[in-house]
Structure formats: structure tokens, C-alpha cells
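First comes the structure, then the notes that go with it.
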Amino acid sequence: MENIVSQQRDFFKSDKTKDCNFRIQQLKALKKVLKSNESLLTEAIYKDFKKSEFDCYTTELALLYSDINEACKKLKSWSKIKRVSTNLINFPAKSRIIPEPYGVSLIIGAWNYPYQLSFAPAIAAIAAGNTVILKPSEIPVNSSKAIKKIVNDNFKSNFFHVIEGGVQTTQQLLGLNFDKIFFTGSPKVGKIIYQAAAQHLTPVTLELGGKSPAIVCENSNIEVSAKRIVWGKFLNAGQTCIAPDYLLVHKNIKDKLISAIISEIERCNYSFANKNYVQIINEANMHRLVALLDKNKIIYGGDYDIYERYFAPTLMSDITFDDKVMQDEIFGPILPIIEFEKIEEISTKLKNLPKPLASYLFTGNKKQAHRLFNELSFGGGAVNDTIMHITNSKLPFGGVGNSGIGSYHGKSGFNEFTHYKSILKKSTCFEPNLKYSPYNEKKLKLARRIMG
Ligand code: NAD
């Protein structure tokens, strides 16, 4: 590990990664190897948790291709030195901001979208001119192997390299000195990463999780809301960081919404036989989810098969914030339903909970949406939809408070891996005496006038 880090540091010092053409060439090479290895990637992820070809393409690879296309098109303009105006006391001078890559970056991935969460930060790091050491999650074994093969067979280790491993490997890596660490995972491990990074004062991005609510108001379009909630919740069998974790629904439409949700679940056929419904990642997570079930509150689903790692879409009603299922991020296909009467009560309650990664509001009232989203703090979200905000690279994607630090995708990913260096370029042809000693009343008066 130490060797690879030091080789990457030497390569970074050669300034080759500062050349935008080099970055574009590497990103195009990455796209080419991803495309030519699509069947390897698809087979590996299917072995890990039965993720279908459709899901693998739409929720993993397509996002990477579009990130690469955008970075290749825009990185020259993102990397341009920016002119800004100069303040009066520096006259005559020019002011410039120079984007510079941090250097050697460490990217640590999570298991639920193994390709997207490994390669999307790597694309941002490369676009910004960094070298990359990538540690994918060890949990989807086959996907992790495929990532390693694709990268290590096609890129020089002094520029982009994959190191496989679990907790011990990550801790060894964290003992080394990186110029940037980008972590995706749980808030619990995020704190470990943040502490380790502090030893070297390394800047970090933490893409964490949390309990993201979906709030459905009385005046919402029930049919459309149900469809979008069901899709967002049961995509990847609920193992999505921005899945609606629980539902807050106005009591007057609760029954109608529940029956629309049930019809939609049945229409989608998330049965064991459905090739587009993924498994729970491992037995440990199956047991964790089973322990969240409250038999008295299940109104739909509740079936599971530990051996097949199948967990049916499950609705639990009459839930309160004190229930077990409401204590931690669910990260599985269980949807707790809490009813409310006044939106103001919801706002007060949510303000006292840890800030989630996402929030969703279903309403027909634009003012209500504006007011509530202004009041609440969360990473990002959508009005009348779930999850889809992640697909717009113009919207920075990341958490706040307990759900993370920093954001990425598109230009914000480039920013995350870039230090913006400020330079004041002074002329030597004019040298006012004001700032130099000795000082007097007249100088002070003038300083007050100029400096404000
Ligand atoms: P995790 O925190 O258990 O693991 C993430 C990474 O950290 C893995 O690579 C793992 O090897 C490493 N790791 C685990 N324990 C460690 C330790 N003690 N010391 C050092 N490294 C350690 O998370 P996970 O189970 O892979 O993913 C689920 C979590 O990730 C959920 O909370 C989810 O919301 C969150 N998540 C967030 C995003 C996002 O974009 N914000 C995306 C996906 C998942």
C-alpha cells in the first residue's frame, strides 16, 4: 500500500495529471473498459445480490457514462483560471483563482451500488487531476473483484489502482497520508474515517445515510405519489441511501394512499420469481431487517426467506417515532407509515431529528412545498418524486449534518477534488506609502476612507 501511495505521489508531482488532455484521455479509457466489460460487471453483480441487467445498466453504469461524458466536455472550462475583480487597497493588481488538484486521493465505496459508488467519485477525482486509490466495499465479493480487474488491468498503478479488502485493509490505508479522502457509507464508519483523516489534516467528503422521510399531503396526486414512492422504496429492495425510509401521510388520505401503494406493489410483482427484484445483500442484513418487523403493525407483506435472502415489500401502519423501526436507517424493503394531521407538527418533529440525506414532499400546493423545504434541513430531495434528483448532475449530491459532508456529481464533484488557489498579481509600478510605518492621523483617516 505504502509503495502504491508513494508511486502515485511521485506521478502526481510530475504534473502529468495537470494536463486536461491527459485527464480526458484517462476518462475516455475508463468509459471504454467499462463498456467492453459490461457483461463481466453485470454477471458479477447478479451473483452478489441478483441485481438484474436492467438495474445494473440504469442505476449503476448509465450514471457513470453520463458523468464521464459531462466531465470530458466540461473539464477544460472547469479547470480554467478564473479572473475576479481586485479591491481598491490592492490597486493596481489582478486577482485570479487557480483550480488545482489535491494530489493522491483515497476513495472508499459502499456495497449497495458497488459500481456507481466506486467509479463516480473516481471520475470526479480524475476529472480534477488527482491520482486515485480505490477501495470498493468487500461485501459484494464478485463486484469488488470485477472492479479490481477492470482498473488494475487497464490503468497504471501510479495513477489509478484498486485495493480490495475489508475493515482491516481500510484501517491500514487510513494510516497513510492522502491528500483527499472520499468515503461513502454509514454515519458510524464516517466518524472513524473523519477521525483518521484528522491525523493528517486530510480534507474529506463523507457521503453518509439517514432516515429520509416521504411526506404526503392531503392535496397530493395519490396515484402518481404511490407509484413514485413504491418505485423509490423498493428499487434495490430498499437498499438505497436516498430511498424514502418512512412515510408521513395526512390522515384524511392515508387509507386511499395505502391501497394505491398496495396496488402498485402488486402491479410491479416484487415476488421471488421476479428477476428485477434484488436480494438482501447478506444474511446479517436479513436478520437485522427481520428484527424490525412488528407483527401487530404489518398491514401488507412481511414474508421473507433467510436462505434465499428474499424480503417481500412490507408495509407497517400505525407507527410512531418510538417504534424500533424508526430508530435507525432501515436500508431494506420495509415501509413504516405514520399519520399526521397538521403539517406544522411534522415540521417541528423533523427539525428535532438528525438531518437526513433526502426528503420528499408530495403536494399539489407549491407554496406549501416551498415553505416546508425552506424550514427543513436535509441533503437534497424532490417535490412529487423520489430519488430522481440524483440523476441531474447540475444538482450537487450529498448530505448535511449526520448525513454527510460535501457533495458531488457534475461540477460539484470536480469542486470536491479541487483546491481553489487564490493569487494576487501586483504591479511594481505604483507603491503608495499608506501601509508602511510610521503611521499618523492623516494616514489613519485615509485608511478609514479607503478600507470602509
Ligand atoms: P459501511 O459504513 O459499513 O461501509 C462502508 C465502507 O467502509 C466499506 O468499504 C467498508 O469496508 C468500510 N468500513 C466498514 N467498517 C469500517 C471500520 N470500522 N473502519 C474502517 N472502514 C470500515 O456502509 P455500507 O454498509 O457499505 O453502506 C450502507 C450505508 O452507506 C448506509 O448508511 C447508506 O445510507 C450509506 N450510503 C450512502 C450513500 C451516499 O451517497 N450518501 C450511498 C450509498 C450508501
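In the C-alpha cells, each chain is lettered A, B, ... as it comes, each chain's residues begin at 1, and ligands are numbered from 1 in order of appearance.
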
Could I get the residues of chain A with an atom no further than 7 Å from an atom of ligand 1, each paired with its nearest atom pair and that distance in Å to one decimal, using only C-alpha atoms and all ligand atoms, sorted by chain and residue number, as a tab-separated table?
residue	atom	partner	partner_atom_place_in_ligand_line	distance
A:Ile108	CA	ligand 1	9 (O)	5.2
A:Gly109	CA	ligand 1	9 (O)	4.8
A:Ala110	CA	ligand 1	26 (O)	3.6
A:Trp111	CA	ligand 1	26 (O)	4.5
A:Asn112	CA	ligand 1	43 (C)	6.0
A:Tyr113	CA	ligand 1	43 (C)	6.6
A:Leu117	CA	ligand 1	42 (C)	6.6
A:Lys135	CA	ligand 1	9 (O)	6.3
A:Pro136	CA	ligand 1	9 (O)	5.4
A:Ser137	CA	ligand 1	9 (O)	3.7
A:Glu138	CA	ligand 1	11 (O)	5.7
A:Gly165	CA	ligand 1	11 (O)	6.7
A:Gly166	CA	ligand 1	11 (O)	4.2
A:Val167	CA	ligand 1	22 (C)	4.4
A:Gln168	CA	ligand 1	20 (C)	7.0
A:Thr170	CA	ligand 1	21 (N)	4.8
A:Gln171	CA	ligand 1	20 (C)	5.1
A:Thr184	CA	ligand 1	37 (C)	5.3
A:Gly185	CA	ligand 1	30 (O)	3.1
A:Ser186	CA	ligand 1	32 (O)	3.5
A:Pro187	CA	ligand 1	32 (O)	6.2
A:Lys188	CA	ligand 1	2 (O)	6.5
A:Val189	CA	ligand 1	2 (O)	4.6
A:Gly190	CA	ligand 1	2 (O)	6.5
A:Ile192	CA	ligand 1	19 (N)	6.2
A:Ile193	CA	ligand 1	20 (C)	6.6
A:Glu207	CA	ligand 1	41 (N)	3.6
A:Leu208	CA	ligand 1	41 (N)	4.0
A:Gly209	CA	ligand 1	34 (O)	3.1
A:Gly210	CA	ligand 1	34 (O)	5.8
A:Thr240	CA	ligand 1	43 (C)	6.2
A:Cys241	CA	ligand 1	34 (O)	3.7
A:Ile242	CA	ligand 1	34 (O)	7.0
A:Glu329	CA	ligand 1	32 (O)	6.7
A:Phe331	CA	ligand 1	31 (C)	6.9
A:Leu357	CA	ligand 1	41 (N)	6.7
A:Gly398	CA	ligand 1	41 (N)	5.9
A:Gly399	CA	ligand 1	41 (N)	6.4
A:Ser403	CA	ligand 1	41 (N)	6.9
A:Gly404	CA	ligand 1	41 (N)	6.9

Per-residue DSSP, segment 280-409 of chain A, filtered to strand (DSSP E or B), as a PyMOL selection string: chain A and resi 298-300+304-305+310-311+314-316+334-340+358-362+380-383+397+404-405+408

Take the residues from that selection and put them in a file with N, CA and C atoms, as a JSON list (two decimals), in the first residue's frame.
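Resulting contents of selection25.json:
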[["chain", "number", "residue", "atom", "x", "y", "z"],
["A", 298, "ILE", "N", -47.90, -4.98, 10.86],
["A", 298, "ILE", "CA", -47.74, -5.27, 9.42],
["A", 298, "ILE", "C", -49.13, -5.27, 8.77],
["A", 299, "ILE", "N", -49.28, -4.45, 7.73],
["A", 299, "ILE", "CA", -50.58, -4.44, 7.02],
["A", 299, "ILE", "C", -50.44, -5.03, 5.62],
["A", 300, "TYR", "N", -49.21, -5.25, 5.20],
["A", 300, "TYR", "CA", -49.00, -5.87, 3.89],
["A", 300, "TYR", "C", -47.60, -6.48, 3.89],
["A", 304, "TYR", "N", -40.53, -13.44, 4.18],
["A", 304, "TYR", "CA", -39.09, -13.43, 3.86],
["A", 304, "TYR", "C", -38.57, -14.85, 3.83],
["A", 305, "ASP", "N", -37.41, -15.01, 3.21],
["A", 305, "ASP", "CA", -36.76, -16.32, 3.17],
["A", 305, "ASP", "C", -35.27, -16.06, 3.43],
["A", 310, "TYR", "N", -34.53, -13.34, 0.37],
["A", 310, "TYR", "CA", -35.66, -12.63, -0.24],
["A", 310, "TYR", "C", -36.48, -11.97, 0.87],
["A", 311, "PHE", "N", -36.79, -10.69, 0.69],
["A", 311, "PHE", "CA", -37.60, -9.97, 1.67],
["A", 311, "PHE", "C", -38.70, -9.24, 0.89],
["A", 314, "THR", "N", -42.87, -4.68, 2.41],
["A", 314, "THR", "CA", -43.66, -4.78, 3.64],
["A", 314, "THR", "C", -44.10, -3.40, 4.10],
["A", 315, "LEU", "N", -45.39, -3.28, 4.41],
["A", 315, "LEU", "CA", -45.90, -2.01, 4.94],
["A", 315, "LEU", "C", -46.27, -2.21, 6.40],
["A", 316, "MET", "N", -45.88, -1.27, 7.25],
["A", 316, "MET", "CA", -46.30, -1.31, 8.66],
["A", 316, "MET", "C", -47.00, 0.01, 8.97],
["A", 334, "ILE", "N", -38.88, -2.33, 3.99],
["A", 334, "ILE", "CA", -39.94, -2.15, 4.99],
["A", 334, "ILE", "C", -40.32, -0.67, 4.99],
["A", 335, "LEU", "N", -41.61, -0.41, 4.80],
["A", 335, "LEU", "CA", -42.07, 0.98, 4.78],
["A", 335, "LEU", "C", -43.00, 1.26, 5.97],
["A", 336, "PRO", "N", -42.49, 1.94, 7.01],
["A", 336, "PRO", "CA", -43.35, 2.31, 8.13],
["A", 336, "PRO", "C", -44.20, 3.52, 7.76],
["A", 337, "ILE", "N", -45.45, 3.52, 8.22],
["A", 337, "ILE", "CA", -46.36, 4.62, 7.86],
["A", 337, "ILE", "C", -46.82, 5.32, 9.14],
["A", 338, "ILE", "N", -46.60, 6.63, 9.18],
["A", 338, "ILE", "CA", -47.01, 7.45, 10.32],
["A", 338, "ILE", "C", -48.03, 8.45, 9.81],
["A", 339, "GLU", "N", -49.15, 8.61, 10.51],
["A", 339, "GLU", "CA", -50.11, 9.61, 10.01],
["A", 339, "GLU", "C", -49.96, 10.93, 10.76],
["A", 340, "PHE", "N", -50.34, 12.01, 10.08],
["A", 340, "PHE", "CA", -50.30, 13.33, 10.73],
["A", 340, "PHE", "C", -51.57, 14.10, 10.39],
["A", 358, "ALA", "N", -32.00, 12.73, 2.37],
["A", 358, "ALA", "CA", -33.02, 13.18, 1.41],
["A", 358, "ALA", "C", -34.35, 13.42, 2.12],
["A", 359, "SER", "N", -35.21, 14.21, 1.47],
["A", 359, "SER", "CA", -36.59, 14.37, 1.93],
["A", 359, "SER", "C", -37.47, 14.53, 0.69],
["A", 360, "TYR", "N", -38.66, 14.00, 0.78],
["A", 360, "TYR", "CA", -39.58, 14.05, -0.36],
["A", 360, "TYR", "C", -40.92, 14.58, 0.11],
["A", 361, "LEU", "N", -41.46, 15.49, -0.68],
["A", 361, "LEU", "CA", -42.76, 16.06, -0.31],
["A", 361, "LEU", "C", -43.72, 15.90, -1.48],
["A", 362, "PHE", "N", -44.86, 15.28, -1.21],
["A", 362, "PHE", "CA", -45.88, 15.12, -2.23],
["A", 362, "PHE", "C", -47.02, 16.07, -1.91],
["A", 380, "GLY", "N", -30.71, 16.68, 0.09],
["A", 380, "GLY", "CA", -31.36, 17.10, -1.15],
["A", 380, "GLY", "C", -32.66, 16.33, -1.26],
["A", 381, "GLY", "N", -33.45, 16.62, -2.27],
["A", 381, "GLY", "CA", -34.71, 15.88, -2.33],
["A", 381, "GLY", "C", -35.53, 16.27, -3.52],
["A", 382, "ALA", "N", -36.83, 16.00, -3.43],
["A", 382, "ALA", "CA", -37.70, 16.25, -4.57],
["A", 382, "ALA", "C", -39.11, 16.58, -4.11],
["A", 383, "VAL", "N", -39.78, 17.39, -4.90],
["A", 383, "VAL", "CA", -41.21, 17.62, -4.70],
["A", 383, "VAL", "C", -41.92, 16.71, -5.70],
["A", 397, "PHE", "N", -24.91, 16.52, -5.08],
["A", 397, "PHE", "CA", -25.49, 15.40, -4.34],
["A", 397, "PHE", "C", -24.65, 15.13, -3.09],
["A", 404, "GLY", "N", -23.80, 13.66, 6.17],
["A", 404, "GLY", "CA", -22.56, 13.81, 5.41],
["A", 404, "GLY", "C", -21.97, 15.20, 5.34],
["A", 405, "ILE", "N", -20.82, 15.23, 4.67],
["A", 405, "ILE", "CA", -20.08, 16.49, 4.46],
["A", 405, "ILE", "C", -19.65, 16.52, 3.00],
["A", 408, "TYR", "N", -21.17, 15.82, -4.54],
["A", 408, "TYR", "CA", -20.52, 15.54, -5.82],
["A", 408, "TYR", "C", -21.54, 15.37, -6.93]]

Near-Ala284 of chain A list (12 Å; only C-alpha atoms; drop same-chain fewer than 6 positions) as number ranges by chain: A: 139, 290-291, 306-307, 309

Given only C-alpha atoms, how would the per-residue table for segment 313-370 of chain A near segment 231-234 of chain A read, listing every residue at most 8 Å away with its closest atom pair and distance in Å to one decimal, sorted by chain and number, as a tab-separated table?
residue	atom	partner	partner_atom	distance
A:Pro313	CA	A:Phe234	CA	6.9
A:Gly332	CA	A:Phe234	CA	7.9
A:Pro333	CA	A:Phe234	CA	5.7
A:Leu335	CA	A:Lys233	CA	7.6

Generate a file of the selected residues that holds C-alpha atoms, formatted as a PDB file, in the first residue's frame.
ATOM      1  CA  PRO A 313     -42.152  -5.376   0.230  1.00  0.00           C
ATOM      2  CA  GLY A 332     -34.445  -2.606   3.250  1.00  0.00           C
ATOM      3  CA  PRO A 333     -37.970  -3.053   1.848  1.00  0.00           C
ATOM      4  CA  LEU A 335     -42.066   0.980   4.780  1.00  0.00           C
TER       5      LEU A 335
END

Nearest to Lys28 of chain A, chosen from A:Lys47, A:Lys16, A:Lys73, A:His370, with only C-alpha atoms counted in the distances: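 Using only C-alpha atoms, Lys28 of chain A sits closest to A:Lys73.
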
Selected residue of minimal separation from Ser225 of chain A among A:Ser77, A:Ser36, A:Gln7, A:Thr386, counting only C-alpha atoms: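 Closest to Ser225 of chain A of all the choices is A:Thr386.
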
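Minimum atom-to-atom distances from A:Arg83, A:Lys227, A:Lys149, A:Lys295 to Lys425 of chain A were compared using only C-alpha atoms, and the lowest value belongs to A:Arg83.
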
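Omitting Glu100 of chain A and its sequence neighbours fewer than 5 positions away, and counting only C-alpha atoms, the residues within 7 Å are Thr418, His419, Tyr420 and Lys421 of chain A.
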
Restricting the output to C-alpha atoms, write the selected residues as a compact mmCIF listing (two decimals), in the first residue's frame.
# COMPACT_ATOMS: atom_id res chain seq x y z
CA THR A 418 -10.09 20.67 -6.22
CA HIS A 419 -8.32 23.25 -4.14
CA TYR A 420 -9.06 26.77 -5.34
CA LYS A 421 -5.79 28.65 -5.02

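With only C-alpha atoms as the atoms that count, the residue of A:Ala127, A:Ser220, A:Ala214, A:Ser144 with the shortest distance to Gln368 of chain A is A:Ser220.
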
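Nearest residue to Leu41 of chain A among A:Ala29, A:Ala146, A:Ala122, A:Val278 is A:Ala146, counting only C-alpha atoms.
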
Close residues, Lys443 of chain A itself excluded, 12 Å, only C-alpha atoms, min 6 positions apart in chain, as a list in words: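 Answer for this query is Pro432, Asn433, Leu434, Lys435, Tyr436, Ser437, Arg449, Ile450 and Met451 of chain A.
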
Go ahead and write the selection's residues with N, CA and C atoms as an mmCIF file, in the first residue's frame.
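The result, written out as again_16.cif:
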data_model
loop_
_atom_site.group_PDB
_atom_site.id
_atom_site.type_symbol
_atom_site.label_atom_id
_atom_site.label_comp_id
_atom_site.auth_asym_id
_atom_site.auth_seq_id
_atom_site.Cartn_x
_atom_site.Cartn_y
_atom_site.Cartn_z
ATOM 1 N N PRO A 432 2.042 53.055 -3.105
ATOM 2 C CA PRO A 432 1.565 54.029 -2.122
ATOM 3 C C PRO A 432 2.164 53.724 -0.740
ATOM 4 N N ASN A 433 2.326 54.785 0.046
ATOM 5 C CA ASN A 433 3.059 54.669 1.304
ATOM 6 C C ASN A 433 2.164 54.330 2.486
ATOM 7 N N LEU A 434 0.870 54.263 2.236
ATOM 8 C CA LEU A 434 -0.111 54.202 3.333
ATOM 9 C C LEU A 434 0.119 53.076 4.333
ATOM 10 N N LYS A 435 0.432 51.853 3.864
ATOM 11 C CA LYS A 435 0.502 50.709 4.781
ATOM 12 C C LYS A 435 1.812 50.653 5.558
ATOM 13 N N TYR A 436 2.788 51.487 5.162
ATOM 14 C CA TYR A 436 4.107 51.416 5.798
ATOM 15 C C TYR A 436 4.223 52.382 6.974
ATOM 16 N N SER A 437 4.983 51.942 7.969
ATOM 17 C CA SER A 437 5.289 52.772 9.137
ATOM 18 C C SER A 437 6.207 53.931 8.709
ATOM 19 N N ARG A 449 -11.120 55.879 5.038
ATOM 20 C CA ARG A 449 -11.888 56.194 3.838
ATOM 21 C C ARG A 449 -11.802 55.071 2.801
ATOM 22 N N ILE A 450 -10.571 54.533 2.627
ATOM 23 C CA ILE A 450 -10.381 53.517 1.588
ATOM 24 C C ILE A 450 -10.918 52.154 2.016
ATOM 25 N N MET A 451 -10.662 51.815 3.296
ATOM 26 C CA MET A 451 -10.986 50.441 3.727
ATOM 27 C C MET A 451 -12.426 50.285 4.198
#

Those of segment 260-332 of chain A in DSSP helix (DSSP H, G or I), formatted as a VMD selection string: chain A and resid 260 to 268 283 to 290 295 to 297 324 to 326

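Interatomic distance, atom CA of Val204 of chain A to atom CA of Ile181 of chain A: 4.8 Å.
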
Nearest-residue call for Asn221 of chain A, choices A:Lys256, A:Lys442, A:Lys191, A:Lys51, using only C-alpha atoms: A:Lys256
